[in-house]
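Asker: My structure file my_file.pdb, PDB, C-alpha atoms, pLDDT in the B column, is below:
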ATOM      1  CA  MET A   1     149.131 175.094 -28.838  1.00 57.00           C
ATOM      2  CA  ASN A   2     151.400 174.536 -25.858  1.00 61.00           C
ATOM      3  CA  LEU A   3     149.974 171.880 -23.473  1.00 59.00           C
ATOM      4  CA  ILE A   4     152.651 172.292 -20.806  1.00 65.00           C
ATOM      5  CA  SER A   5     151.738 175.868 -20.037  1.00 67.00           C
ATOM      6  CA  MET A   6     148.042 174.932 -19.822  1.00 69.00           C
ATOM      7  CA  THR A   7     148.579 172.174 -17.256  1.00 71.00           C
ATOM      8  CA  THR A   8     149.176 172.884 -13.604  1.00 76.00           C
ATOM      9  CA  VAL A   9     150.601 170.078 -11.506  1.00 75.00           C
ATOM     10  CA  PRO A  10     150.506 170.516  -7.737  1.00 80.00           C
ATOM     11  CA  ASP A  11     153.613 169.907  -5.669  1.00 84.00           C
ATOM     12  CA  ILE A  12     153.838 166.418  -4.222  1.00 83.00           C
ATOM     13  CA  GLU A  13     154.040 166.483  -0.441  1.00 80.00           C
ATOM     14  CA  PRO A  14     154.259 162.954   1.009  1.00 73.00           C
ATOM     15  CA  ASN A  15     152.787 162.377   4.433  1.00 72.00           C
ATOM     16  CA  PHE A  16     155.336 160.359   6.388  1.00 68.00           C
ATOM     17  CA  ASN A  17     153.018 160.311   9.408  1.00 73.00           C
ATOM     18  CA  ALA A  18     150.593 157.994   7.639  1.00 76.00           C
ATOM     19  CA  PRO A  19     149.406 155.151   9.922  1.00 79.00           C
ATOM     20  CA  TRP A  20     150.629 152.359   7.659  1.00 81.00           C
ATOM     21  CA  LEU A  21     154.144 153.819   7.561  1.00 78.00           C
ATOM     22  CA  GLN A  22     154.203 153.940  11.359  1.00 82.00           C
ATOM     23  CA  GLY A  23     153.021 150.325  11.433  1.00 84.00           C
ATOM     24  CA  ILE A  24     155.854 149.265   9.134  1.00 87.00           C
ATOM     25  CA  GLN A  25     158.295 151.181  11.344  1.00 86.00           C
ATOM     26  CA  VAL A  26     157.045 149.364  14.461  1.00 87.00           C
ATOM     27  CA  ILE A  27     157.241 145.955  12.767  1.00 90.00           C
ATOM     28  CA  ALA A  28     160.742 146.643  11.437  1.00 89.00           C
ATOM     29  CA  SER A  29     161.835 147.829  14.889  1.00 89.00           C
ATOM     30  CA  TYR A  30     160.643 144.620  16.537  1.00 92.00           C
ATOM     31  CA  VAL A  31     162.168 142.393  13.841  1.00 93.00           C
ATOM     32  CA  LEU A  32     165.566 144.103  14.028  1.00 92.00           C
ATOM     33  CA  ALA A  33     165.622 144.135  17.831  1.00 91.00           C
ATOM     34  CA  THR A  34     164.596 140.473  18.099  1.00 94.00           C
ATOM     35  CA  ALA A  35     167.127 139.348  15.493  1.00 94.00           C
ATOM     36  CA  LEU A  36     169.917 141.317  17.159  1.00 93.00           C
ATOM     37  CA  ILE A  37     169.116 139.872  20.595  1.00 94.00           C
ATOM     38  CA  VAL A  38     168.929 136.283  19.268  1.00 95.00           C
ATOM     39  CA  VAL A  39     172.238 136.589  17.393  1.00 95.00           C
ATOM     40  CA  PHE A  40     173.888 138.214  20.409  1.00 94.00           C
ATOM     41  CA  ILE A  41     172.752 135.320  22.637  1.00 95.00           C
ATOM     42  CA  MET A  42     174.064 132.862  20.027  1.00 93.00           C
ATOM     43  CA  LEU A  43     177.413 134.681  20.037  1.00 93.00           C
ATOM     44  CA  ILE A  44     177.626 134.555  23.835  1.00 94.00           C
ATOM     45  CA  ILE A  45     176.810 130.821  23.875  1.00 92.00           C
ATOM     46  CA  ALA A  46     179.371 130.129  21.141  1.00 92.00           C
ATOM     47  CA  ILE A  47     182.121 132.067  22.917  1.00 92.00           C
ATOM     48  CA  LEU A  48     181.362 130.472  26.294  1.00 92.00           C
ATOM     49  CA  SER A  49     181.229 126.970  24.833  1.00 92.00           C
ATOM     50  CA  LEU A  50     184.613 127.426  23.179  1.00 91.00           C
ATOM     51  CA  ALA A  51     186.209 129.114  26.191  1.00 92.00           C
ATOM     52  CA  LEU A  52     184.858 126.870  28.959  1.00 89.00           C
ATOM     53  CA  ARG A  53     184.895 123.141  28.294  1.00 82.00           C
ATOM     54  CA  GLY A  54     182.693 121.755  31.064  1.00 84.00           C
ATOM     55  CA  ILE A  55     179.594 123.936  30.706  1.00 86.00           C
ATOM     56  CA  PHE A  56     178.178 122.785  27.374  1.00 88.00           C
ATOM     57  CA  PRO A  57     178.094 119.342  25.719  1.00 90.00           C
ATOM     58  CA  ASP A  58     180.413 118.414  22.859  1.00 89.00           C
ATOM     59  CA  GLY A  59     177.674 118.958  20.279  1.00 91.00           C
ATOM     60  CA  VAL A  60     177.394 122.624  21.230  1.00 90.00           C
ATOM     61  CA  ARG A  61     181.176 123.024  21.136  1.00 91.00           C
ATOM     62  CA  ASP A  62     181.262 121.434  17.690  1.00 93.00           C
ATOM     63  CA  TRP A  63     178.473 123.723  16.469  1.00 92.00           C
ATOM     64  CA  ALA A  64     180.223 126.776  17.918  1.00 92.00           C
ATOM     65  CA  GLY A  65     183.543 125.849  16.353  1.00 92.00           C
ATOM     66  CA  LYS A  66     181.959 125.521  12.908  1.00 94.00           C
ATOM     67  CA  ASN A  67     179.749 128.618  13.070  1.00 92.00           C
ATOM     68  CA  ILE A  68     181.543 131.218  15.233  1.00 92.00           C
ATOM     69  CA  VAL A  69     182.683 133.276  12.228  1.00 94.00           C
ATOM     70  CA  VAL A  70     179.222 133.238  10.637  1.00 94.00           C
ATOM     71  CA  ILE A  71     177.609 134.246  13.947  1.00 93.00           C
ATOM     72  CA  PHE A  72     180.113 137.061  14.416  1.00 94.00           C
ATOM     73  CA  ILE A  73     179.521 138.363  10.880  1.00 95.00           C
ATOM     74  CA  ALA A  74     175.741 138.151  11.397  1.00 94.00           C
ATOM     75  CA  ALA A  75     176.034 140.077  14.678  1.00 94.00           C
ATOM     76  CA  ALA A  76     178.163 142.759  13.033  1.00 94.00           C
ATOM     77  CA  ALA A  77     175.816 143.062  10.046  1.00 95.00           C
ATOM     78  CA  LEU A  78     172.686 143.247  12.203  1.00 93.00           C
ATOM     79  CA  GLY A  79     174.368 145.818  14.439  1.00 91.00           C
ATOM     80  CA  ALA A  80     175.216 147.951  11.420  1.00 93.00           C
ATOM     81  CA  ILE A  81     171.722 147.638   9.950  1.00 92.00           C
ATOM     82  CA  SER A  82     170.135 148.475  13.308  1.00 90.00           C
ATOM     83  CA  GLY A  83     172.418 151.480  13.703  1.00 89.00           C
ATOM     84  CA  LEU A  84     171.537 152.813  10.267  1.00 90.00           C
ATOM     85  CA  PHE A  85     167.836 152.175  10.900  1.00 88.00           C
ATOM     86  CA  GLN A  86     168.053 154.101  14.185  1.00 87.00           C
ATOM     87  CA  TRP A  87     170.001 156.921  12.567  1.00 87.00           C
ATOM     88  CA  PHE A  88     167.741 157.461   9.561  1.00 85.00           C
ATOM     89  CA  ILE A  89     164.305 156.256  10.684  1.00 82.00           C
ATOM     90  CA  SER A  90     164.423 155.784  14.488  1.00 81.00           C
ATOM     91  CA  PHE A  91     163.191 152.787  16.414  1.00 81.00           C
ATOM     92  CA  ASP A  92     159.513 152.848  17.381  1.00 79.00           C
ATOM     93  CA  PHE A  93     158.227 150.073  19.612  1.00 78.00           C
ATOM     94  CA  GLY A  94     154.756 151.542  19.955  1.00 69.00           C
ATOM     95  CA  PHE A  95     154.999 152.462  23.618  1.00 65.00           C
TER      96      PHE A  95
END
So that I can check it, write out the structure of this file as structure tokens.

Answerer:
Amino acid sequence: MNLISMTTVPDIEPNFNAPWLQGIQVIASYVLATALIVVFIMLIIAILSLALRGIFPDGVRDWAGKNIVVIFIAAAALGAISGLFQWFISFDFGF
């Protein structure tokens, strides 16, 4: 008795338009966009504080000098992740 020939399994067709998947896409879009904007602002402040002495206090210059490489790497990584997310999934802000 051959059980495989007696069993019929339907093809699996995932529904990528399910509401919970769209909700996850919206949340991921907002998280990536917010993180990228915050890191970009941090990078601008760090560059300006190192380039122009009189604008920011010494504490900000010290922070920027210690963390400029980490901020730059974070900005590059978030830019790459956001680009891949846009390429494969597409941003959806729910508008």

Asker: I need the residue set behind the PyMOL selection byres ((chain A and resi 71) around 9) for this file; please write it as a PyMOL selection string.

Answerer: chain A and resi 39-40+42-43+46+64+67-70+72-76

Asker: Could you save the residues just selected, with C-alpha atoms, as a PDB file, in the coordinates of the input?

Answerer:
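Produced file again_21.pdb, reproduced below:
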ATOM      1  CA  VAL A  39     172.238 136.589  17.393  1.00 95.00           C
ATOM      2  CA  PHE A  40     173.888 138.214  20.409  1.00 94.00           C
ATOM      3  CA  MET A  42     174.064 132.862  20.027  1.00 93.00           C
ATOM      4  CA  LEU A  43     177.413 134.681  20.037  1.00 93.00           C
ATOM      5  CA  ALA A  46     179.371 130.129  21.141  1.00 92.00           C
ATOM      6  CA  ALA A  64     180.223 126.776  17.918  1.00 92.00           C
ATOM      7  CA  ASN A  67     179.749 128.618  13.070  1.00 92.00           C
ATOM      8  CA  ILE A  68     181.543 131.218  15.233  1.00 92.00           C
ATOM      9  CA  VAL A  69     182.683 133.276  12.228  1.00 94.00           C
ATOM     10  CA  VAL A  70     179.222 133.238  10.637  1.00 94.00           C
ATOM     11  CA  PHE A  72     180.113 137.061  14.416  1.00 94.00           C
ATOM     12  CA  ILE A  73     179.521 138.363  10.880  1.00 95.00           C
ATOM     13  CA  ALA A  74     175.741 138.151  11.397  1.00 94.00           C
ATOM     14  CA  ALA A  75     176.034 140.077  14.678  1.00 94.00           C
ATOM     15  CA  ALA A  76     178.163 142.759  13.033  1.00 94.00           C
TER      16      ALA A  76
END

Asker: Carefully work through the PyMOL selection byres ((chain A and resi 25-35) around 10) for this structure and note down the residues it includes, as a ChimeraX atom specification.

Answerer: /A:19-24,36-41,74-75,78-79,81-82,85-86,89-95

Asker: Evaluate the PyMOL selection byres ((chain A and resi 61) around 10) on the structure here and hand back the selected residues as a list of chain:residue names.

Answerer: A:Ile45, A:Ala46, A:Ile47, A:Leu48, A:Ser49, A:Leu50, A:Ala51, A:Leu52, A:Arg53, A:Ile55, A:Phe56, A:Pro57, A:Asp58, A:Gly59, A:Val60, A:Asp62, A:Trp63, A:Ala64, A:Gly65, A:Lys66, A:Asn67

Asker: Assuming the input is short of atoms at stretch 51-77 of chain A, produce N, CA and C atoms for that part as a PDB file, in the coordinates of the input.

Answerer:
ATOM      1  N   ALA A  51     185.275 128.703  25.146  1.00 92.00           N
ATOM      2  CA  ALA A  51     186.209 129.114  26.191  1.00 92.00           C
ATOM      3  C   ALA A  51     186.180 128.179  27.398  1.00 92.00           C
ATOM      4  N   LEU A  52     185.005 127.707  27.772  1.00 89.00           N
ATOM      5  CA  LEU A  52     184.858 126.870  28.959  1.00 89.00           C
ATOM      6  C   LEU A  52     184.396 125.481  28.531  1.00 89.00           C
ATOM      7  N   ARG A  53     185.176 124.484  28.796  1.00 82.00           N
ATOM      8  CA  ARG A  53     184.895 123.141  28.294  1.00 82.00           C
ATOM      9  C   ARG A  53     183.752 122.443  29.021  1.00 82.00           C
ATOM     10  N   GLY A  54     183.613 122.578  30.301  1.00 84.00           N
ATOM     11  CA  GLY A  54     182.693 121.755  31.064  1.00 84.00           C
ATOM     12  C   GLY A  54     181.256 122.212  31.083  1.00 84.00           C
ATOM     13  N   ILE A  55     180.946 123.401  30.582  1.00 86.00           N
ATOM     14  CA  ILE A  55     179.594 123.936  30.706  1.00 86.00           C
ATOM     15  C   ILE A  55     178.641 123.326  29.684  1.00 86.00           C
ATOM     16  N   PHE A  56     179.052 123.240  28.449  1.00 88.00           N
ATOM     17  CA  PHE A  56     178.178 122.785  27.374  1.00 88.00           C
ATOM     18  C   PHE A  56     178.625 121.423  26.852  1.00 88.00           C
ATOM     19  N   PRO A  57     177.701 120.642  26.282  1.00 90.00           N
ATOM     20  CA  PRO A  57     178.094 119.342  25.719  1.00 90.00           C
ATOM     21  C   PRO A  57     178.957 119.499  24.457  1.00 90.00           C
ATOM     22  N   ASP A  58     179.514 118.386  24.020  1.00 89.00           N
ATOM     23  CA  ASP A  58     180.413 118.414  22.859  1.00 89.00           C
ATOM     24  C   ASP A  58     179.702 118.840  21.581  1.00 89.00           C
ATOM     25  N   GLY A  59     178.421 118.550  21.470  1.00 91.00           N
ATOM     26  CA  GLY A  59     177.674 118.958  20.279  1.00 91.00           C
ATOM     27  C   GLY A  59     177.603 120.471  20.133  1.00 91.00           C
ATOM     28  N   VAL A  60     177.444 121.152  21.256  1.00 90.00           N
ATOM     29  CA  VAL A  60     177.394 122.624  21.230  1.00 90.00           C
ATOM     30  C   VAL A  60     178.769 123.182  20.893  1.00 90.00           C
ATOM     31  N   ARG A  61     179.814 122.567  21.444  1.00 91.00           N
ATOM     32  CA  ARG A  61     181.176 123.024  21.136  1.00 91.00           C
ATOM     33  C   ARG A  61     181.490 122.817  19.663  1.00 91.00           C
ATOM     34  N   ASP A  62     181.047 121.702  19.109  1.00 93.00           N
ATOM     35  CA  ASP A  62     181.262 121.434  17.690  1.00 93.00           C
ATOM     36  C   ASP A  62     180.517 122.449  16.825  1.00 93.00           C
ATOM     37  N   TRP A  63     179.265 122.727  17.192  1.00 92.00           N
ATOM     38  CA  TRP A  63     178.473 123.723  16.469  1.00 92.00           C
ATOM     39  C   TRP A  63     179.129 125.099  16.553  1.00 92.00           C
ATOM     40  N   ALA A  64     179.599 125.462  17.741  1.00 92.00           N
ATOM     41  CA  ALA A  64     180.223 126.776  17.918  1.00 92.00           C
ATOM     42  C   ALA A  64     181.513 126.886  17.120  1.00 92.00           C
ATOM     43  N   GLY A  65     182.295 125.807  17.102  1.00 92.00           N
ATOM     44  CA  GLY A  65     183.543 125.849  16.353  1.00 92.00           C
ATOM     45  C   GLY A  65     183.317 126.019  14.860  1.00 92.00           C
ATOM     46  N   LYS A  66     182.246 125.422  14.343  1.00 94.00           N
ATOM     47  CA  LYS A  66     181.959 125.521  12.908  1.00 94.00           C
ATOM     48  C   LYS A  66     181.327 126.855  12.524  1.00 94.00           C
ATOM     49  N   ASN A  67     180.576 127.460  13.442  1.00 92.00           N
ATOM     50  CA  ASN A  67     179.749 128.618  13.070  1.00 92.00           C
ATOM     51  C   ASN A  67     180.122 129.925  13.755  1.00 92.00           C
ATOM     52  N   ILE A  68     181.221 129.994  14.485  1.00 92.00           N
ATOM     53  CA  ILE A  68     181.543 131.218  15.233  1.00 92.00           C
ATOM     54  C   ILE A  68     181.776 132.403  14.297  1.00 92.00           C
ATOM     55  N   VAL A  69     182.414 132.169  13.161  1.00 94.00           N
ATOM     56  CA  VAL A  69     182.683 133.276  12.228  1.00 94.00           C
ATOM     57  C   VAL A  69     181.382 133.780  11.604  1.00 94.00           C
ATOM     58  N   VAL A  70     180.511 132.853  11.235  1.00 94.00           N
ATOM     59  CA  VAL A  70     179.222 133.238  10.637  1.00 94.00           C
ATOM     60  C   VAL A  70     178.377 134.007  11.657  1.00 94.00           C
ATOM     61  N   ILE A  71     178.378 133.554  12.899  1.00 93.00           N
ATOM     62  CA  ILE A  71     177.609 134.246  13.947  1.00 93.00           C
ATOM     63  C   ILE A  71     178.175 135.635  14.180  1.00 93.00           C
ATOM     64  N   PHE A  72     179.499 135.751  14.208  1.00 94.00           N
ATOM     65  CA  PHE A  72     180.113 137.061  14.416  1.00 94.00           C
ATOM     66  C   PHE A  72     179.789 138.012  13.272  1.00 94.00           C
ATOM     67  N   ILE A  73     179.852 137.520  12.041  1.00 95.00           N
ATOM     68  CA  ILE A  73     179.521 138.363  10.880  1.00 95.00           C
ATOM     69  C   ILE A  73     178.047 138.768  10.918  1.00 95.00           C
ATOM     70  N   ALA A  74     177.170 137.824  11.297  1.00 94.00           N
ATOM     71  CA  ALA A  74     175.741 138.151  11.397  1.00 94.00           C
ATOM     72  C   ALA A  74     175.499 139.200  12.469  1.00 94.00           C
ATOM     73  N   ALA A  75     176.193 139.088  13.609  1.00 94.00           N
ATOM     74  CA  ALA A  75     176.034 140.077  14.678  1.00 94.00           C
ATOM     75  C   ALA A  75     176.521 141.456  14.225  1.00 94.00           C
ATOM     76  N   ALA A  76     177.643 141.480  13.524  1.00 94.00           N
ATOM     77  CA  ALA A  76     178.163 142.759  13.033  1.00 94.00           C
ATOM     78  C   ALA A  76     177.229 143.374  11.993  1.00 94.00           C
ATOM     79  N   ALA A  77     176.715 142.550  11.079  1.00 95.00           N
ATOM     80  CA  ALA A  77     175.816 143.062  10.046  1.00 95.00           C
ATOM     81  C   ALA A  77     174.508 143.569  10.654  1.00 95.00           C
TER      82      ALA A  77
END
